[in-house]
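Data file: run05.csv. Format and content: CSV, C-alpha atoms and all ligand atoms.
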```
chain,number,residue,atom,x,y,z
Q,1,MET,CA,44.2,-15.8,-6.8
Q,2,VAL,CA,41.6,-18.1,-5.4
Q,3,VAL,CA,39.5,-20.7,-7.2
Q,4,ASP,CA,36.2,-20.7,-5.5
Q,5,PRO,CA,36.1,-23.8,-3.3
Q,6,SER,CA,32.3,-23.9,-3.0
Q,7,LEU,CA,31.5,-25.0,-6.5
Q,8,GLY,CA,29.4,-27.9,-5.2
Q,9,GLU,CA,27.0,-25.4,-3.6
Q,10,LEU,CA,26.5,-23.6,-6.9
Q,11,VAL,CA,24.8,-26.5,-8.6
Q,12,PRO,CA,21.1,-25.7,-9.0
Q,13,GLN,CA,18.9,-26.7,-6.1
Q,14,GLN,CA,15.2,-27.7,-6.0
Q,15,THR,CA,13.0,-24.7,-6.1
Q,16,SER,CA,11.3,-23.6,-2.9
Q,17,LEU,CA,8.5,-21.9,-4.8
Q,18,ARG,CA,5.3,-23.5,-6.0
Q,19,ARG,CA,5.2,-25.0,-9.5
Q,20,PRO,CA,4.3,-22.5,-12.3
Q,21,VAL,CA,0.6,-22.4,-13.0
Q,22,SER,CA,-1.1,-21.5,-16.3
Q,23,PRO,CA,-3.8,-18.9,-16.1
Q,24,PRO,CA,-6.7,-19.9,-18.2
Q,25,GLY,CA,-6.4,-18.9,-21.9
Q,26,GLN,CA,-2.9,-17.6,-21.6
Q,27,ARG,CA,0.4,-19.1,-22.8
Q,28,LEU,CA,3.0,-19.6,-20.1
Q,29,LEU,CA,5.7,-16.9,-20.1
Q,30,LEU,CA,8.0,-19.0,-18.0
Q,31,PRO,CA,8.3,-22.3,-19.9
Q,32,HIS,CA,11.3,-24.6,-19.7
Q,33,GLN,CA,13.0,-23.2,-16.6
Q,34,ARG,CA,16.4,-24.6,-17.4
Q,35,ARG,CA,18.7,-23.0,-15.0
Q,36,GLY,CA,22.1,-21.6,-15.7
Q,37,ARG,CA,24.9,-22.0,-13.1
Q,38,VAL,CA,28.4,-20.7,-12.2
Q,39,GLU,CA,30.9,-23.4,-13.1
Q,40,LEU,CA,34.0,-21.7,-12.1
Q,41,SER,CA,35.0,-18.4,-10.5
Q,42,VAL,CA,38.4,-16.8,-10.1
Q,43,ASP,CA,38.8,-13.8,-7.7
Q,44,VAL,CA,41.4,-11.2,-7.2
Q,45,VAL,CA,41.2,-8.4,-4.6
Q,46,ASP,CA,42.7,-5.0,-5.5
Q,47,ARG,CA,45.0,-4.3,-2.5
Q,48,VAL,CA,44.7,-0.6,-3.0
Q,49,ASP,CA,40.9,0.0,-2.9
Q,50,GLY,CA,39.7,-3.4,-1.7
Q,51,VAL,CA,37.4,-4.2,-4.7
Q,52,ARG,CA,37.0,-7.9,-5.5
Q,53,HIS,CA,37.2,-8.6,-9.2
Q,54,ARG,CA,35.8,-12.0,-10.4
Q,55,ARG,CA,35.9,-13.8,-13.7
Q,56,LEU,CA,33.2,-16.4,-14.0
Q,57,VAL,CA,32.5,-19.3,-16.3
Q,58,VAL,CA,28.8,-19.5,-16.4
Q,59,ASP,CA,26.7,-22.1,-18.1
Q,60,ASP,CA,23.7,-20.2,-19.6
Q,61,ALA,CA,21.7,-23.4,-19.9
Q,62,HIS,CA,21.8,-23.5,-23.7
Q,63,THR,CA,25.5,-24.1,-24.4
Q,64,SER,CA,24.8,-27.2,-26.4
Q,65,SER,CA,22.9,-25.3,-29.1
Q,66,PRO,CA,23.8,-26.6,-32.6
Q,67,THR,CA,23.6,-23.1,-34.1
Q,68,ARG,CA,25.7,-21.2,-31.6
Q,69,THR,CA,29.1,-21.4,-33.3
Q,70,THR,CA,27.8,-20.4,-36.8
Q,71,LEU,CA,25.6,-17.6,-35.5
Q,72,GLN,CA,28.3,-16.1,-33.4
Q,73,ALA,CA,30.8,-16.2,-36.3
Q,74,GLU,CA,28.2,-14.4,-38.5
Q,75,PHE,CA,27.7,-11.7,-35.9
Q,76,ALA,CA,31.4,-11.2,-35.4
Q,77,ALA,CA,32.0,-10.9,-39.1
Q,78,HIS,CA,29.2,-8.2,-39.4
Q,79,ASP,CA,30.7,-6.5,-36.4
Q,80,ALA,CA,34.0,-6.2,-38.3
Q,81,LEU,CA,32.1,-4.8,-41.3
Q,82,LEU,CA,30.5,-2.1,-39.1
Q,83,ARG,CA,33.8,-1.2,-37.6
Q,84,ALA,CA,35.2,-0.7,-41.1
Q,85,HIS,CA,32.2,1.6,-41.9
Q,86,PRO,CA,31.7,4.0,-39.0
Q,87,GLU,CA,29.4,6.1,-41.3
Q,88,TRP,CA,26.8,3.3,-41.4
Q,89,GLU,CA,23.9,4.4,-39.2
Q,90,ALA,CA,21.8,2.3,-36.7
Q,91,PRO,CA,18.3,1.2,-37.6
Q,92,VAL,CA,15.5,3.4,-36.4
Q,93,VAL,CA,11.8,3.0,-36.0
Q,94,ARG,CA,10.0,5.9,-37.8
Q,95,ASP,CA,6.2,6.1,-37.8
Q,96,GLY,CA,5.9,2.5,-36.7
Q,97,GLN,CA,8.2,1.3,-39.5
Q,98,LEU,CA,11.7,-0.1,-39.1
Q,99,VAL,CA,14.2,1.8,-41.3
Q,100,LEU,CA,17.4,-0.2,-42.0
Q,101,SER,CA,20.4,1.6,-43.5
Q,102,ASN,CA,23.3,-0.9,-43.4
Q,103,PRO,CA,23.8,-4.5,-44.4
Q,104,ALA,CA,24.5,-5.7,-40.9
Q,105,SER,CA,21.1,-4.6,-39.7
Q,106,GLU,CA,19.5,-6.0,-42.8
Q,107,PHE,CA,21.1,-9.3,-41.9
Q,108,PHE,CA,19.9,-9.1,-38.3
Q,109,TYR,CA,16.3,-8.1,-39.2
Q,110,ALA,CA,15.8,-10.6,-42.0
Q,111,SER,CA,13.2,-12.4,-40.0
Q,112,PRO,CA,9.7,-10.8,-39.6
Q,113,THR,CA,9.7,-12.0,-36.0
Q,114,MET,CA,12.8,-10.0,-35.3
Q,115,ARG,CA,11.3,-6.9,-37.0
Q,116,GLU,CA,8.2,-7.2,-34.8
Q,117,TRP,CA,10.5,-7.5,-31.8
Q,118,ARG,CA,12.3,-4.3,-32.7
Q,119,VAL,CA,9.3,-2.2,-33.6
Q,120,ARG,CA,6.9,-3.3,-30.9
Q,121,LEU,CA,9.0,-4.4,-27.9
Q,122,VAL,CA,12.5,-2.8,-27.9
Q,123,PRO,CA,13.5,-1.2,-25.5
Q,124,GLY,CA,10.8,-2.4,-23.1
Q,125,ALA,CA,10.9,-5.3,-20.7
Q,126,GLY,CA,9.0,-7.5,-23.2
Q,127,ALA,CA,12.0,-7.5,-25.5
Q,128,LEU,CA,14.1,-9.4,-22.9
Q,129,LEU,CA,11.5,-12.1,-22.4
Q,130,PRO,CA,12.4,-14.4,-25.4
Q,131,VAL,CA,16.1,-13.9,-24.5
Q,132,GLN,CA,15.5,-14.9,-20.9
Q,133,ARG,CA,13.2,-17.8,-22.0
Q,134,PRO,CA,14.4,-19.0,-25.4
Q,135,GLY,CA,11.9,-21.8,-25.1
Q,136,ILE,CA,9.0,-19.4,-25.4
Q,137,SER,CA,6.8,-20.0,-28.5
Q,138,HIS,CA,5.6,-16.4,-29.1
Q,139,LEU,CA,6.7,-12.9,-28.4
Q,140,PRO,CA,4.6,-11.0,-25.8
Q,141,SER,CA,3.3,-8.9,-28.8
Q,142,GLY,CA,2.0,-12.0,-30.5
Q,143,ALA,CA,4.3,-13.1,-33.3
Q,144,ALA,CA,5.3,-16.8,-33.3
Q,145,LEU,CA,9.1,-17.4,-33.1
Q,146,ASP,CA,10.7,-18.7,-36.2
Q,147,ASP,CA,14.0,-20.6,-36.5
Q,148,THR,CA,16.1,-17.5,-37.0
Q,149,SER,CA,14.7,-15.6,-34.0
Q,150,VAL,CA,15.0,-18.7,-31.8
Q,151,ALA,CA,18.7,-19.0,-32.7
Q,152,ILE,CA,19.3,-15.3,-32.0
Q,153,TYR,CA,17.6,-15.4,-28.6
Q,154,ARG,CA,19.4,-18.5,-27.7
Q,155,ASP,CA,22.9,-18.1,-29.2
Q,156,ALA,CA,23.8,-14.4,-29.7
Q,157,LEU,CA,26.4,-13.0,-27.3
Q,158,ASP,CA,23.9,-10.3,-26.1
Q,159,SER,CA,21.3,-12.9,-25.3
Q,160,ILE,CA,23.8,-15.0,-23.4
Q,161,GLY,CA,25.0,-11.9,-21.5
Q,162,VAL,CA,21.4,-11.2,-20.3
Q,163,ARG,CA,21.1,-14.7,-18.9
Q,164,THR,CA,24.6,-14.9,-17.3
Q,165,ARG,CA,24.1,-11.6,-15.5
Q,166,ALA,CA,20.9,-13.1,-14.0
Q,167,VAL,CA,22.9,-16.2,-12.9
Q,168,VAL,CA,25.3,-13.9,-11.0
Q,169,LEU,CA,22.2,-12.4,-9.2
Q,170,GLN,CA,21.1,-15.9,-8.3
Q,171,GLU,CA,24.5,-16.6,-6.9
Q,172,VAL,CA,24.5,-13.4,-4.7
Q,173,ALA,CA,21.0,-14.3,-3.5
Q,174,ARG,CA,22.2,-17.8,-2.5
Q,175,ARG,CA,25.3,-16.5,-0.8
Q,176,ASP,CA,23.2,-14.0,1.3
Q,177,ALA,CA,20.6,-16.7,2.1
Q,178,SER,CA,23.3,-19.0,3.5
Q,179,ARG,CA,24.6,-16.2,5.8
Q,180,GLY,CA,21.2,-14.5,6.5
Q,181,ARG,CA,18.8,-14.4,9.4
Q,182,HIS,CA,16.2,-17.1,9.6
Q,183,ASP,CA,13.9,-15.5,12.1
Q,184,ALA,CA,12.2,-12.9,9.8
Q,185,ARG,CA,10.8,-12.9,6.3
Q,186,PRO,CA,13.4,-11.5,4.0
Q,187,ARG,CA,12.5,-8.5,1.9
Q,188,TRP,CA,13.7,-8.1,-1.7
Q,189,VAL,CA,13.2,-5.1,-4.0
Q,190,SER,CA,13.7,-5.1,-7.8
Q,191,LEU,CA,14.2,-1.6,-9.2
Q,192,ALA,CA,13.4,-1.2,-12.9
Q,193,SER,CA,12.1,-4.8,-12.5
Q,194,GLY,CA,10.7,-5.1,-16.1
Q,195,ALA,CA,8.9,-8.5,-16.3
Q,196,ALA,CA,10.8,-9.6,-13.1
Q,197,VAL,CA,12.3,-12.7,-14.6
Q,198,PRO,CA,15.8,-12.4,-13.1
Q,199,VAL,CA,14.5,-11.7,-9.6
Q,200,LEU,CA,11.9,-14.4,-9.7
Q,201,ASP,CA,14.5,-16.9,-11.0
Q,202,ALA,CA,16.8,-15.8,-8.1
Q,203,MET,CA,14.0,-16.4,-5.7
Q,204,SER,CA,13.4,-19.9,-7.0
Q,205,SER,CA,17.1,-20.7,-6.9
Q,206,VAL,CA,17.5,-19.9,-3.2
Q,207,GLU,CA,17.3,-22.9,-0.9
Q,208,GLY,CA,17.2,-23.3,2.8
Q,209,LEU,CA,15.1,-20.2,3.7
Q,210,SER,CA,12.4,-21.1,6.2
Q,211,LEU,CA,10.5,-18.0,5.0
Q,212,ARG,CA,10.1,-17.1,1.3
Q,213,PRO,CA,11.2,-13.5,0.6
Q,214,HIS,CA,8.6,-10.8,0.1
Q,215,LEU,CA,9.2,-9.0,-3.2
Q,216,THR,CA,8.6,-5.4,-4.2
Q,217,LEU,CA,8.7,-4.8,-8.0
Q,218,VAL,CA,9.2,-1.2,-9.1
Q,219,ASP,CA,9.0,0.0,-12.7
Q,220,ILE,CA,7.8,3.0,-14.6
Q,221,ASP,CA,6.1,1.1,-17.4
Q,222,PRO,CA,2.6,-0.3,-16.8
Q,223,ASP,CA,3.2,-2.9,-19.6
Q,224,ALA,CA,6.3,-4.2,-17.9
Q,225,LEU,CA,4.4,-4.5,-14.6
Q,226,ALA,CA,1.5,-6.2,-16.4
Q,227,LEU,CA,4.0,-8.8,-17.7
Q,228,ALA,CA,5.5,-9.0,-14.2
Q,229,GLU,CA,2.1,-9.7,-12.8
Q,230,ARG,CA,1.6,-12.6,-15.1
Q,231,MET,CA,5.0,-14.0,-14.1
Q,232,VAL,CA,4.2,-13.7,-10.5
Q,233,ALA,CA,0.9,-15.5,-11.0
Q,234,GLU,CA,2.7,-18.3,-13.0
Q,235,GLN,CA,5.1,-18.7,-10.1
Q,236,GLY,CA,2.2,-19.3,-7.8
Q,237,LEU,CA,2.8,-16.1,-5.8
Q,238,ALA,CA,0.1,-13.9,-4.5
Q,239,ARG,CA,-0.1,-10.1,-5.0
Q,240,GLY,CA,0.1,-8.4,-1.7
Q,241,GLU,CA,0.9,-11.4,0.4
Q,242,ASP,CA,4.1,-12.2,-1.6
Q,243,VAL,CA,4.6,-9.4,-4.1
Q,244,ASP,CA,3.9,-5.7,-4.3
Q,245,LEU,CA,3.9,-4.0,-7.7
Q,246,LEU,CA,4.7,-0.3,-7.7
Q,247,GLN,CA,4.5,1.9,-10.9
Q,248,ARG,CA,7.1,4.5,-10.0
Q,249,ASP,CA,9.6,6.7,-11.8
Q,250,LEU,CA,13.0,6.0,-10.2
Q,251,VAL,CA,14.3,9.4,-11.3
Q,252,ARG,CA,11.4,11.3,-9.8
Q,253,ASP,CA,10.5,9.0,-6.8
Q,254,LEU,CA,14.0,7.8,-5.7
Q,255,LEU,CA,16.7,10.0,-7.1
Q,256,VAL,CA,15.0,13.4,-6.8
Q,257,ARG,CA,12.4,13.2,-4.1
Q,258,SER,CA,13.3,10.0,-2.2
Q,259,THR,CA,9.6,9.2,-1.7
Q,260,LEU,CA,10.2,5.5,-2.6
Q,261,LEU,CA,12.6,5.3,0.3
Q,262,GLY,CA,9.8,6.2,2.7
Q,263,GLU,CA,7.3,4.0,0.9
Q,264,VAL,CA,9.5,0.8,1.0
Q,265,GLY,CA,11.3,1.6,4.2
Q,266,ALA,CA,14.9,2.7,4.7
Q,267,GLY,CA,17.1,0.1,6.3
Q,268,SER,CA,14.4,-2.7,5.8
Q,269,VAL,CA,15.5,-4.6,2.7
Q,270,ASP,CA,17.7,-7.7,2.4
Q,271,LEU,CA,18.3,-7.6,-1.3
Q,272,VAL,CA,18.0,-4.7,-3.8
Q,273,GLU,CA,18.6,-5.6,-7.4
Q,274,ALA,CA,18.6,-3.2,-10.3
Q,275,LEU,CA,19.8,-5.2,-13.3
Q,276,GLY,CA,19.3,-3.5,-16.7
Q,277,ILE,CA,18.9,0.2,-15.7
Q,278,PHE,CA,22.4,1.7,-15.3
Q,279,GLU,CA,22.9,1.7,-19.1
Q,280,TYR,CA,20.0,4.2,-19.4
Q,281,PHE,CA,21.3,6.6,-16.7
Q,282,ARG,CA,24.1,9.2,-16.9
Q,283,ASP,CA,26.8,9.1,-14.2
Q,284,PRO,CA,25.2,11.5,-11.7
Q,285,SER,CA,22.0,9.5,-11.8
Q,286,CYS,CA,23.9,6.2,-11.3
Q,287,VAL,CA,25.6,7.7,-8.3
Q,288,ARG,CA,22.3,8.8,-6.8
Q,289,LEU,CA,20.7,5.4,-7.6
Q,290,LEU,CA,23.5,3.6,-5.8
Q,291,ARG,CA,23.3,5.9,-2.8
Q,292,GLU,CA,19.5,5.8,-2.4
Q,293,ALA,CA,19.2,2.0,-3.1
Q,294,PHE,CA,21.9,1.4,-0.5
Q,295,ARG,CA,19.8,3.3,2.0
Q,296,LEU,CA,17.0,0.8,1.5
Q,297,LEU,CA,19.3,-2.1,2.7
Q,298,ARG,CA,19.4,-3.4,6.2
Q,299,PRO,CA,22.9,-4.1,7.6
Q,300,GLY,CA,24.3,-7.2,5.8
Q,301,GLY,CA,22.0,-6.7,2.8
Q,302,SER,CA,23.2,-6.6,-0.8
Q,303,LEU,CA,22.7,-4.2,-3.7
Q,304,VAL,CA,23.2,-5.7,-7.2
Q,305,VAL,CA,23.5,-3.6,-10.4
Q,306,ALA,CA,24.9,-4.3,-13.8
Q,307,ASN,CA,26.2,-2.4,-16.8
Q,308,MET,CA,27.1,-3.3,-20.3
Q,309,LEU,CA,30.9,-3.2,-20.7
Q,310,SER,CA,32.5,-0.7,-23.0
Q,311,ASP,CA,35.3,-3.2,-24.0
Q,312,ARG,CA,32.9,-6.0,-24.8
Q,313,ARG,CA,33.0,-7.9,-28.1
Q,314,GLU,CA,30.6,-6.9,-30.8
Q,315,LEU,CA,29.7,-3.5,-29.4
Q,316,HIS,CA,29.3,-2.1,-32.9
Q,317,PHE,CA,26.9,-4.9,-33.8
Q,318,ASN,CA,24.9,-4.2,-30.6
Q,319,GLN,CA,24.7,-0.5,-31.4
Q,320,ARG,CA,24.4,-0.3,-35.2
Q,321,ALA,CA,23.0,-3.7,-36.3
Q,322,ILE,CA,20.6,-4.5,-33.5
Q,323,GLY,CA,20.4,-0.8,-32.7
Q,324,TRP,CA,19.3,-1.1,-29.1
Q,325,PRO,CA,18.7,2.6,-28.3
Q,326,LEU,CA,20.1,4.9,-25.6
Q,327,LEU,CA,22.7,2.5,-24.0
Q,328,VAL,CA,25.7,3.9,-22.0
Q,329,PRO,CA,28.4,1.1,-21.9
Q,330,ARG,CA,31.0,1.6,-19.1
Q,331,SER,CA,34.4,0.3,-18.2
Q,332,VAL,CA,35.1,-1.6,-14.9
Q,333,GLN,CA,37.1,1.5,-13.7
Q,334,GLU,CA,34.1,3.8,-14.4
Q,335,LEU,CA,31.9,1.4,-12.4
Q,336,VAL,CA,34.3,1.4,-9.5
Q,337,ASP,CA,34.4,5.3,-9.7
Q,338,LEU,CA,30.6,5.4,-9.5
Q,339,VAL,CA,30.6,3.2,-6.4
Q,340,ARG,CA,33.3,5.4,-4.8
Q,341,ARG,CA,31.4,8.6,-5.7
Q,342,ALA,CA,28.3,7.2,-4.1
Q,343,GLY,CA,30.2,6.7,-0.8
Q,344,LEU,CA,29.6,2.9,-0.8
Q,345,PRO,CA,32.3,0.7,0.7
Q,346,LEU,CA,34.7,-0.4,-1.9
Q,347,ASP,CA,36.0,-3.2,0.3
Q,348,ARG,CA,32.5,-4.7,0.2
Q,349,THR,CA,32.2,-4.4,-3.5
Q,350,THR,CA,32.5,-7.3,-6.0
Q,351,ILE,CA,32.6,-6.9,-9.8
Q,352,SER,CA,31.7,-10.2,-11.5
Q,353,ILE,CA,32.2,-10.7,-15.3
Q,354,PRO,CA,31.0,-13.9,-16.9
Q,355,GLN,CA,33.1,-15.3,-19.8
Q,356,ASP,CA,30.9,-13.7,-22.5
Q,357,GLY,CA,32.1,-10.3,-21.2
Q,358,VAL,CA,28.9,-8.4,-22.1
Q,359,TYR,CA,28.0,-7.1,-18.6
Q,360,ALA,CA,29.7,-6.5,-15.4
Q,361,VAL,CA,27.6,-7.2,-12.3
Q,362,VAL,CA,28.4,-5.1,-9.3
Q,363,ASP,CA,27.3,-6.1,-5.8
Q,364,VAL,CA,27.9,-4.2,-2.7
Q,365,VAL,CA,27.2,-5.6,0.8
Q,366,LYS,CA,26.1,-3.2,3.5
Q,367,PRO,CA,28.4,-3.4,6.6
Q,368,ALA,CA,26.8,-5.0,9.6
Q,369,SER,CA,27.2,-1.9,11.8
R,1,LIG,C1,16.2,-3.4,-19.9
R,1,LIG,S1,14.8,-3.5,-18.9
R,1,LIG,C2,15.4,-4.5,-17.5
R,1,LIG,C3,14.3,-5.2,-16.8
R,1,LIG,C4,14.8,-6.2,-15.8
R,1,LIG,N1,15.5,-5.6,-14.7
R,1,LIG,C5,15.6,-7.4,-16.4
R,1,LIG,O1,16.8,-7.4,-16.2
R,1,LIG,O2,14.9,-8.2,-17.0
R,1,LIG,C6,14.8,-1.9,-18.2
R,1,LIG,C7,13.5,-1.6,-17.4
R,1,LIG,O3,13.7,-0.3,-16.8
R,1,LIG,C8,12.5,0.4,-16.7
R,1,LIG,N2,12.7,1.8,-16.5
R,1,LIG,C9,13.3,2.7,-17.4
R,1,LIG,N3,13.4,3.9,-16.8
R,1,LIG,C10,12.8,3.8,-15.6
R,1,LIG,C11,12.5,4.8,-14.6
R,1,LIG,N4,12.9,6.0,-14.7
R,1,LIG,N5,11.9,4.3,-13.5
R,1,LIG,C12,11.5,3.0,-13.3
R,1,LIG,N6,11.8,2.1,-14.3
R,1,LIG,C13,12.4,2.5,-15.4
R,1,LIG,C14,11.8,0.0,-18.0
R,1,LIG,O4,10.4,0.2,-18.0
R,1,LIG,C15,12.2,-1.5,-18.2
R,1,LIG,O5,11.3,-2.3,-17.7
```
Go through the file and emit its structure as structure tokens.
Ligand SMILES: C[S@@+](CC[C@H](N)C(=O)[O-])C[C@H]1O[C@@H](n2cnc3c(N)ncnc32)[C@H](O)[C@@H]1O
Amino acid sequence: MVVDPSLGELVPQQTSLRRPVSPPGQRLLLPHQRRGRVELSVDVVDRVDGVRHRRLVVDDAHTSSPTRTTLQAEFAAHDALLRAHPEWEAPVVRDGQLVLSNPASEFFYASPTMREWRVRLVPGAGALLPVQRPGISHLPSGAALDDTSVAIYRDALDSIGVRTRAVVLQEVARRDASRGRHDARPRWVSLASGAAVPVLDAMSSVEGLSLRPHLTLVDIDPDALALAERMVAEQGLARGEDVDLLQRDLVRDLLVRSTLLGEVGAGSVDLVEALGIFEYFRDPSCVRLLREAFRLLRPGGSLVVANMLSDRRELHFNQRAIGWPLLVPRSVQELVDLVRRAGLPLDRTTISIPQDGVYAVVDVVKPAS
């Protein structure tokens, strides 16, 4: 068991990007960039398969919230209620109306802002924005945040998990940058990028690169890419020169036909991240995604994916009070099996789980030769 000796290096550094800029007439989507950080990590390596298992203590940048303890107790109590009533069904959106059929979802959706969030934004990338940026004043769909929604986006376990998995990505990016080449511009790719908040935050957290990475954002949803384009502009990055946006279907264009591989360039990428997509894919698609995304990497590059854990706390609340649709939670062992089935090196695989226990982040480093 090793306590990470490099904690000093994990403290947030000055950004190497330009300051966010506000396009005329638009609210900033990236206000208050308070940065989370890994405070402690404990690693054990499985001597049989070589997988490194890490438990992290991650500061999600909002730990001092005055409402956190109460809100989490309320959610935990409603989770217990849902477990006692397996017959209670998840909320659904029917003809543009939110239909609530249990007291836990009535509690969760008491605020009109939360109802707009569910009806107009879930499960798209815009739904994650107020979670990734609890300081935002309005939803991307227009509603102003009220006190209840602010507390949920800041303090709920699921909100914290979305932010802590992004902090793990930042840590991987910094680790790779400290080991990487400094003679060529790094290339990063975000698959199912959504609004690109995690990968842009990872970029601004990396120090010491003489050349800023070039980023390719891939998503099926034009609305997600439109949000990403605003994020990119706010970060002072230029389309083309710094960032390419590709509207592509990962299933059709990477898993079935591999055209994205040719388009982006096999063996050309330093970092591929695909946070927030495994939950929507069945096992064979996850295996193909791992295999094809790994082919994008150059030797020494890293692939980062994440999956909601099946043994996480408040899974019932997530599925039948919030009712986030179509999720496939997985166990750590199931994730290891997917990596094995994809033929990726287990002894280059790390599974990181922050203390909230909502997501496991899997990173695999491509061997140098
Ligand atoms: C939960 S969001 C995650 C966004 C982002 N990675 C993050 O963590 O903030 C999932 C994203 O996957 C995209 N997506 C879903 N199916 C896809 C597919 N077949 N091809 C490309 N993108 C897809 C959605 O449009 C959405 O933006």
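Comparing the minimum interatomic distances between ligand LIG 1 (chain R) and each of Q:Pro284, Q:Gly142, Q:Gly126, Q:Gly301, counting only C-alpha atoms and all ligand atoms, we find that Q:Gly126 sits nearest.
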(request) Quick one: everything within 9 Å of Val150 in chain Q, counting only C-alpha atoms, minus sequence neighbours fewer than 2 positions away in the same chain. Send it as JSON, numbers by chain. (result) {"Q": [130, 131, 134, 135, 136, 137, 145, 146, 147, 148, 152, 153, 154, 155]}
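If you measure from each of Q:Asp223, Q:Asp347, Q:Glu171, Q:Asp311 to Gln333 in chain Q using only C-alpha atoms, the closest one turns out to be Q:Asp311.
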(message) Please list as a PyMOL selection string every residue within 8 Å of Val364 in chain Q, counting all atoms listed in the file and excluding residues in the same chain fewer than 2 positions away.
(response) chain Q and resi 302-304+344-346+348-350+362+366
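Restricting the atom set to only C-alpha atoms and all ligand atoms, one finds that the residues within 7 Å of ligand LIG 1 (chain R) amount to Pro123, Gly124, Ala125, Leu128, Leu191, Ala192, Ser193, Gly194, Ala195, Ala196, Val197, Pro198, Val218, Asp219, Ile220, Asp221, Ala224, Arg248, Asp249, Leu250, Val251, Ala274, Leu275, Gly276 and Ile277 of chain Q.
Distance annotation: of Q:Leu338, Q:Val365, Q:Ala321, Q:Val93, the residue with the minimal separation from Glu106 in chain Q is Q:Ala321; atom set is all atoms listed in the file.
The space separating CA of Thr63 in chain Q from CA of Arg118 in chain Q comes to 25.2 Å.
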(request) Might you pull out every residue within 7 Å of range 258-273 of chain Q, with all atoms listed in the file counted and same-chain residues fewer than 5 positions away left off, and present them as JSON, numbers by chain? (result) {"Q": [186, 187, 188, 189, 190, 191, 253, 293, 295, 296, 297, 298, 301, 302, 303, 304, 305]}
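Our summary of the geometry notes that CA of Ala143 in chain Q is positioned 13.1 Å from CA of Leu129 in chain Q.
By chain and then residue number, the residues within 10 Å of Cys286 in chain Q are Leu255, Ile277, Phe278, Glu279, Tyr280, Phe281, Arg282, Asp283, Pro284, Arg288, Leu289, Leu290, Arg291, Glu292, Val305, Leu335, Leu338, Val339, Arg341 and Ala342 of chain Q, counting all atoms listed in the file and disregarding those fewer than 2 positions away in sequence.
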(request) Tell me, in Å to one decimal, how far CA of Ser178 in chain Q is from CA of Pro213 in chain Q. (result) 13.6 Å
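Closest approach to Ile160 in chain Q from the set Q:Met231, Q:Thr216, Q:Gln132, Q:Ser331 is made by Q:Gln132, with distances taken over only C-alpha atoms.
Of the listed residues Q:Ala226, Q:Val99, Q:Val332, Q:Ala84, the one whose atoms come nearest to Ser352 in chain Q is Q:Val332, with distances taken using all atoms listed in the file.
With distances restricted to only C-alpha atoms, Q:Phe317 is the closest residue to Pro103 in chain Q from Q:Ala306, Q:Phe317, Q:Asp46, Q:Glu229.
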